[in-house]
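Text of structure22.txt (compact mmCIF, C-alpha atoms) as supplied:
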```
# COMPACT_ATOMS: atom_id res chain seq x y z
CA MET A 1 -8.51 12.80 -15.72
CA SER A 2 -5.35 11.49 -14.03
CA LYS A 3 -5.48 8.04 -12.50
CA ALA A 4 -2.85 6.64 -10.13
CA LEU A 5 -2.24 3.29 -8.48
CA PHE A 6 -0.67 2.59 -5.10
CA SER A 7 -0.29 -1.14 -4.65
CA GLY A 8 1.11 -3.38 -1.97
CA SER A 9 0.36 -6.21 0.39
CA PHE A 10 -0.79 -3.83 3.18
CA ASP A 11 -0.64 -6.64 5.73
CA PRO A 12 -1.76 -4.60 7.63
CA ILE A 13 -1.99 -1.03 6.38
CA GLN A 14 0.11 1.19 8.65
CA LEU A 15 0.50 4.93 9.15
CA GLY A 16 3.34 5.24 6.62
CA HIS A 17 1.04 3.79 3.94
CA ILE A 18 -1.73 6.18 4.93
CA ASP A 19 0.70 9.12 4.67
CA ILE A 20 1.52 8.14 1.08
CA ILE A 21 -2.16 7.53 0.22
CA ARG A 22 -3.20 10.98 1.49
CA ARG A 23 -0.42 12.74 -0.36
CA ALA A 24 -0.94 10.84 -3.62
CA ALA A 25 -4.71 11.40 -3.49
CA LYS A 26 -4.02 15.16 -3.56
CA MET A 27 -1.87 14.77 -6.67
CA TYR A 28 -4.27 12.77 -8.86
CA ASP A 29 -7.95 12.87 -9.76
CA GLU A 30 -8.37 9.24 -8.81
CA LEU A 31 -6.18 7.03 -6.64
CA VAL A 32 -6.68 3.28 -6.57
CA VAL A 33 -5.13 1.36 -3.70
CA ALA A 34 -4.73 -2.26 -4.77
CA VAL A 35 -4.05 -5.06 -2.33
CA THR A 36 -1.68 -7.43 -4.10
CA VAL A 37 -0.12 -10.84 -3.60
CA ASN A 38 3.50 -10.92 -2.49
CA LEU A 39 4.74 -14.45 -3.09
CA ALA A 40 7.73 -13.80 -0.81
CA LYS A 41 5.48 -13.16 2.21
CA LYS A 42 2.94 -15.23 4.11
CA SER A 43 -0.05 -12.97 4.73
CA MET A 44 -1.52 -12.59 8.21
CA TYR A 45 -4.81 -11.17 6.90
CA ASP A 46 -6.84 -12.24 3.86
CA PHE A 47 -7.62 -9.94 0.93
CA ASP A 48 -11.07 -8.94 2.18
CA THR A 49 -9.74 -7.99 5.61
CA ARG A 50 -6.92 -5.90 4.15
CA VAL A 51 -9.33 -4.13 1.79
CA GLU A 52 -11.65 -3.44 4.74
CA MET A 53 -8.75 -2.04 6.79
CA ILE A 54 -7.81 0.39 4.02
CA LYS A 55 -11.39 1.47 3.34
CA LYS A 56 -12.00 2.24 7.02
CA ALA A 57 -8.66 3.96 7.63
CA CYS A 58 -9.06 6.13 4.52
CA ALA A 59 -12.83 6.61 4.49
CA ASP A 60 -12.51 10.40 4.36
CA ILE A 61 -10.58 10.46 1.04
CA PRO A 62 -13.23 11.10 -1.64
CA ASN A 63 -11.19 10.20 -4.74
CA LEU A 64 -9.96 6.86 -3.38
CA LYS A 65 -10.95 3.38 -4.57
CA VAL A 66 -9.73 0.20 -2.90
CA GLU A 67 -9.48 -3.07 -4.82
CA SER A 68 -7.66 -6.37 -4.76
CA CYS A 69 -5.25 -7.55 -7.45
CA GLU A 70 -4.55 -11.27 -7.35
CA GLY A 71 -2.84 -11.79 -10.70
CA LEU A 72 0.03 -10.20 -12.58
CA ARG A 73 0.18 -6.53 -11.62
CA ALA A 74 1.24 -5.51 -15.15
CA LYS A 75 -1.96 -6.97 -16.59
CA TYR A 76 -4.01 -5.19 -13.91
CA VAL A 77 -2.22 -1.89 -14.63
CA ASN A 78 -2.50 -2.16 -18.42
CA ASP A 79 -6.16 -3.24 -18.35
CA ARG A 80 -7.14 -0.28 -16.17
CA GLY A 81 -5.06 2.39 -17.91
CA PHE A 82 -3.28 3.97 -14.97
CA ASP A 83 -1.16 7.04 -15.71
CA VAL A 84 1.10 6.51 -12.73
CA GLU A 85 2.04 3.87 -10.20
CA VAL A 86 3.07 5.39 -6.88
CA LYS A 87 5.66 3.57 -4.80
CA SER A 88 6.75 4.56 -1.30
CA LEU A 89 10.28 4.65 0.00
CA ARG A 90 11.23 4.68 3.69
CA ASN A 91 14.95 4.26 3.23
CA SER A 92 17.71 3.16 0.87
CA ALA A 93 16.83 -0.52 1.38
CA ASP A 94 13.35 0.17 -0.02
CA PHE A 95 14.96 1.90 -3.01
CA GLU A 96 17.25 -1.08 -3.64
CA TYR A 97 14.20 -3.39 -3.50
CA GLU A 98 11.91 -1.22 -5.67
CA LEU A 99 14.39 -0.14 -8.36
CA PRO A 100 14.64 -3.45 -10.28
CA ILE A 101 10.89 -3.95 -9.98
CA SER A 102 10.19 -0.52 -11.46
CA GLN A 103 12.72 -1.18 -14.24
CA MET A 104 10.94 -4.43 -15.09
CA HIS A 105 7.60 -2.60 -15.05
CA GLN A 106 8.97 -0.13 -17.62
CA LYS A 107 9.08 -3.11 -19.99
CA LEU A 108 5.71 -4.58 -18.94
CA TYR A 109 3.55 -1.46 -18.55
CA LYS A 110 2.15 0.06 -21.73
CA ASN A 111 1.67 3.70 -20.71
CA THR A 112 2.25 3.89 -16.96
CA GLU A 113 5.11 5.70 -15.24
CA THR A 114 6.37 4.79 -11.78
CA ILE A 115 7.01 7.57 -9.28
CA PHE A 116 8.52 7.33 -5.81
CA LEU A 117 7.32 9.25 -2.77
CA MET A 118 9.38 9.38 0.39
CA THR A 119 7.56 8.45 3.58
CA ASP A 120 7.33 11.12 6.26
CA PRO A 121 10.55 10.69 8.30
CA ALA A 122 8.51 10.51 11.51
CA LEU A 123 6.84 7.35 10.13
CA SER A 124 9.78 5.76 8.31
CA TYR A 125 10.51 3.28 11.11
CA ILE A 126 7.15 1.57 10.59
CA SER A 127 6.78 -1.54 8.45
CA SER A 128 3.88 -3.96 8.22
CA THR A 129 6.27 -6.75 9.15
CA GLU A 130 7.19 -4.99 12.41
CA VAL A 131 3.53 -4.19 13.11
CA ARG A 132 2.61 -7.87 12.72
CA GLN A 133 5.50 -9.03 14.89
CA VAL A 134 4.91 -6.55 17.72
CA PHE A 135 1.16 -7.21 17.66
CA SER A 136 1.59 -11.00 17.59
CA LEU A 137 3.83 -10.81 20.66
CA GLY A 138 1.27 -8.74 22.58
CA GLY A 139 2.91 -5.35 22.10
CA ASP A 140 1.24 -1.98 21.58
CA VAL A 141 0.99 -0.99 17.90
CA SER A 142 -1.44 1.89 18.40
CA MET A 143 1.25 4.40 17.35
CA MET A 144 1.82 2.53 14.07
CA VAL A 145 -1.70 1.88 12.73
CA HIS A 146 -4.99 3.74 12.37
CA PRO A 147 -7.47 3.08 15.23
CA THR A 148 -9.88 1.28 12.89
CA THR A 149 -7.05 -1.00 11.73
CA LEU A 150 -6.14 -1.83 15.32
CA GLU A 151 -9.79 -2.63 16.04
CA ILE A 152 -9.91 -5.09 13.11
CA MET A 153 -6.56 -6.61 14.13
CA LYS A 154 -7.91 -7.24 17.63
CA GLN A 155 -11.10 -8.81 16.23
CA LYS A 156 -9.18 -11.09 13.84
CA GLY A 157 -6.55 -12.04 16.44
```
Would you mind writing the structure in this file as C-alpha cells?
Amino acid sequence: MSKALFSGSFDPIQLGHIDIIRRAAKMYDELVVAVTVNLAKKSMYDFDTRVEMIKKACADIPNLKVESCEGLRAKYVNDRGFDVEVKSLRNSADFEYELPISQMHQKLYKNTETIFLMTDPALSYISSTEVRQVFSLGGDVSMMVHPTTLEIMKQKG
C-alpha cells in the first residue's frame, strides 16, 4: 500500500492546495494532509481550525486523512513510514524555496522520496498569504477558497 504526505501550514487551505490534494489522492492508496508549524509565519488560524477547513473542503476524498504535525517534520515522516512527500509548486520562486528543504529532507528522511507537482496554472496566482490579506481587508476571496473554508473564515473573523 502506498502512503503519501502533503504537508503545509494551510493558513487557510486554498483552491491550489485542493487541486494538489485531489491529484495526489488519485496517485496513492492513502494521502495524509498534515498541518504543520511554519516558524517564519504568524498563523491566522489555529491547528484545529485549519484541520477542520481541510476536512470539510476535501470531505469527498475517501483515501484522505488530515492530521496536525507540531514537531520536527522528519520525525513525523519517519515514524509514520511515508513512501512519498508531495510538494506543490506554483512558480520558480516556490521551487527556489522548496529545493533546499527537499535536499535537507533527503538527509533526514529514512525511506521517503519528495516529489513535486505543479499547481494548475489557472490557480497558480493563489497563495494563502494573499487570501488572508484580501480577506482581512474586506475583499472577496470566494474565487480562491472552497465555500466551506470561506464559511469558517467568516465565523472566525
Using all atoms listed in the file, I'd like a table of the residues in segment 34-85 of chain A that come within 10 Å of segment 110-123 of chain A; for each, show the closest atom pair and its distance in Å rounded to one decimal, ordered by chain and ascending number, as a Markdown table.
```
| residue | atom | partner | partner_atom | distance |
| --- | --- | --- | --- | --- |
| A:Ala74 | CA | A:Lys110 | CA | 8.7 |
| A:Lys75 | CA | A:Lys110 | CA | 9.6 |
| A:Val77 | CA | A:Thr112 | CA | 7.7 |
| A:Asn78 | CA | A:Lys110 | CA | 6.1 |
| A:Asp79 | CA | A:Lys110 | CA | 9.6 |
| A:Gly81 | CA | A:Asn111 | CA | 7.4 |
| A:Phe82 | CA | A:Thr112 | CA | 5.9 |
| A:Asp83 | CA | A:Thr112 | CA | 4.8 |
| A:Val84 | CA | A:Glu113 | CA | 4.8 |
| A:Glu85 | CA | A:Thr114 | CA | 4.7 |
```
field: Separation of atom CA of Cys69 of chain A from atom CA of Met144 of chain A in Å
entry: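 For atom CA of Met144 of chain A relative to atom CA of Cys69 of chain A, the distance reads 24.8 Å.
Counting from atom CA of Glu30 of chain A, the distance to atom CA of Lys3 of chain A is 4.8 Å.
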query: So, counting only C-alpha atoms, which residue among A:Ser136, A:Ser7, A:Ser102, A:Ser2 is closest to Glu70 of chain A?
result: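 Of A:Ser136, A:Ser7, A:Ser102, A:Ser2, the one nearest Glu70 of chain A is A:Ser7, counting only C-alpha atoms.
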Listed atoms of segment 126-141 of chain A boxed axis-aligned with 5 Å per side, centre + edges as AutoDock Vina command-line options:
```
--center_x 4.1 --center_y -4.7 --center_z 15.4 --size_x 16.2 --size_y 22.6 --size_z 24.4
```
task: Do a neighbour search on Asn38 of chain A at 9 Å with all atoms listed in the file, toss out local chain neighbours closer than 3 positions, and write the hits as a list in words.
output: Gly8, Ser9, Lys41, Lys42 and Ser43 of chain A
statement: Correct to one decimal, the distance atom CA of Ser68 of chain A-atom CA of Thr129 of chain A is 19.7 Å
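Restricting the calculation to all atoms listed in the file, the smallest distance between Lys55 of chain A and any of A:Gly157, A:Met1, A:Asp94, A:Phe10 is found for A:Phe10.
Every protein, DNA or RNA residue with an atom at most 12 Å from Glu52 of chain A, where all atoms listed in the file count and chain neighbours fewer than 2 positions away do not, is listed here: A:Phe10, A:Asp11, A:Pro12, A:Ile13, A:Val33, A:Ala34, A:Val35, A:Tyr45, A:Asp46, A:Phe47, A:Asp48, A:Thr49, A:Arg50, A:Ile54, A:Lys55, A:Lys56, A:Ala57, A:Cys58, A:Ala59, A:Lys65, A:Val66, A:Glu67, A:Ser68, A:Thr148, A:Thr149, A:Glu151, A:Ile152, A:Met153.
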Nearest to Lys156 of chain A by atom-to-atom distance, counting all atoms listed in the file, from A:Thr36, A:His17, A:Arg80, A:Phe135: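 Between A:Thr36, A:His17, A:Arg80, A:Phe135, the residue approaching Lys156 of chain A most closely is A:Phe135.
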- prompt: Counting only C-alpha atoms, which of A:Asn91, A:Asn63, A:Gln106, A:Ser128 gets nearest to Ala4 of chain A?
  reply: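 Ranked by minimum distance to Ala4 of chain A, first place goes to A:Asn63.
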Skipping near chain neighbours, those fewer than 6 positions away, what residues fall within 7 Å of Leu64 of chain A using only C-alpha atoms, listed as a PDB file with C-alpha atoms, in the frame of the given file?
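Listing of part03.pdb after writing:
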```
ATOM      1  CA  ALA A  25      -4.710  11.400  -3.490  1.00  0.00           C
ATOM      2  CA  GLU A  30      -8.370   9.240  -8.810  1.00  0.00           C
ATOM      3  CA  LEU A  31      -6.180   7.030  -6.640  1.00  0.00           C
ATOM      4  CA  VAL A  32      -6.680   3.280  -6.570  1.00  0.00           C
TER       5      VAL A  32
END
```
Atoms added to segment 123-138 of chain A (N, CA and C atoms), reported as an mmCIF file, in the coordinates of the input:
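Final file, part07.cif:
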```
data_model
loop_
_atom_site.group_PDB
_atom_site.id
_atom_site.type_symbol
_atom_site.label_atom_id
_atom_site.label_comp_id
_atom_site.auth_asym_id
_atom_site.auth_seq_id
_atom_site.Cartn_x
_atom_site.Cartn_y
_atom_site.Cartn_z
ATOM 1 N N LEU A 123 7.519 8.639 10.277
ATOM 2 C CA LEU A 123 6.840 7.350 10.130
ATOM 3 C C LEU A 123 7.727 6.290 9.467
ATOM 4 N N SER A 124 8.945 6.644 9.122
ATOM 5 C CA SER A 124 9.780 5.760 8.310
ATOM 6 C C SER A 124 10.257 4.510 9.050
ATOM 7 N N TYR A 125 10.116 4.471 10.353
ATOM 8 C CA TYR A 125 10.510 3.280 11.110
ATOM 9 C C TYR A 125 9.449 2.184 11.059
ATOM 10 N N ILE A 126 8.265 2.513 10.572
ATOM 11 C CA ILE A 126 7.150 1.570 10.590
ATOM 12 C C ILE A 126 7.156 0.691 9.340
ATOM 13 N N SER A 127 7.007 -0.602 9.552
ATOM 14 C CA SER A 127 6.780 -1.540 8.450
ATOM 15 C C SER A 127 5.667 -2.484 8.876
ATOM 16 N N SER A 128 4.950 -3.006 7.906
ATOM 17 C CA SER A 128 3.880 -3.960 8.220
ATOM 18 C C SER A 128 4.448 -5.188 8.914
ATOM 19 N N THR A 129 5.639 -5.596 8.524
ATOM 20 C CA THR A 129 6.270 -6.750 9.150
ATOM 21 C C THR A 129 6.476 -6.500 10.642
ATOM 22 N N GLU A 130 6.982 -5.326 11.001
ATOM 23 C CA GLU A 130 7.190 -4.990 12.410
ATOM 24 C C GLU A 130 5.857 -4.878 13.146
ATOM 25 N N VAL A 131 4.851 -4.297 12.497
ATOM 26 C CA VAL A 131 3.530 -4.190 13.110
ATOM 27 C C VAL A 131 3.008 -5.585 13.448
ATOM 28 N N ARG A 132 3.087 -6.502 12.488
ATOM 29 C CA ARG A 132 2.610 -7.870 12.720
ATOM 30 C C ARG A 132 3.372 -8.542 13.864
ATOM 31 N N GLN A 133 4.680 -8.370 13.871
ATOM 32 C CA GLN A 133 5.500 -9.030 14.890
ATOM 33 C C GLN A 133 5.200 -8.476 16.283
ATOM 34 N N VAL A 134 5.186 -7.157 16.414
ATOM 35 C CA VAL A 134 4.910 -6.550 17.720
ATOM 36 C C VAL A 134 3.516 -6.939 18.200
ATOM 37 N N PHE A 135 2.538 -6.865 17.307
ATOM 38 C CA PHE A 135 1.160 -7.210 17.660
ATOM 39 C C PHE A 135 1.043 -8.676 18.064
ATOM 40 N N SER A 136 1.666 -9.563 17.300
ATOM 41 C CA SER A 136 1.590 -11.000 17.590
ATOM 42 C C SER A 136 2.208 -11.360 18.933
ATOM 43 N N LEU A 137 3.169 -10.561 19.371
ATOM 44 C CA LEU A 137 3.830 -10.810 20.660
ATOM 45 C C LEU A 137 3.185 -10.029 21.798
ATOM 46 N N GLY A 138 2.027 -9.425 21.536
ATOM 47 C CA GLY A 138 1.270 -8.740 22.580
ATOM 48 C C GLY A 138 1.673 -7.303 22.830
#
```
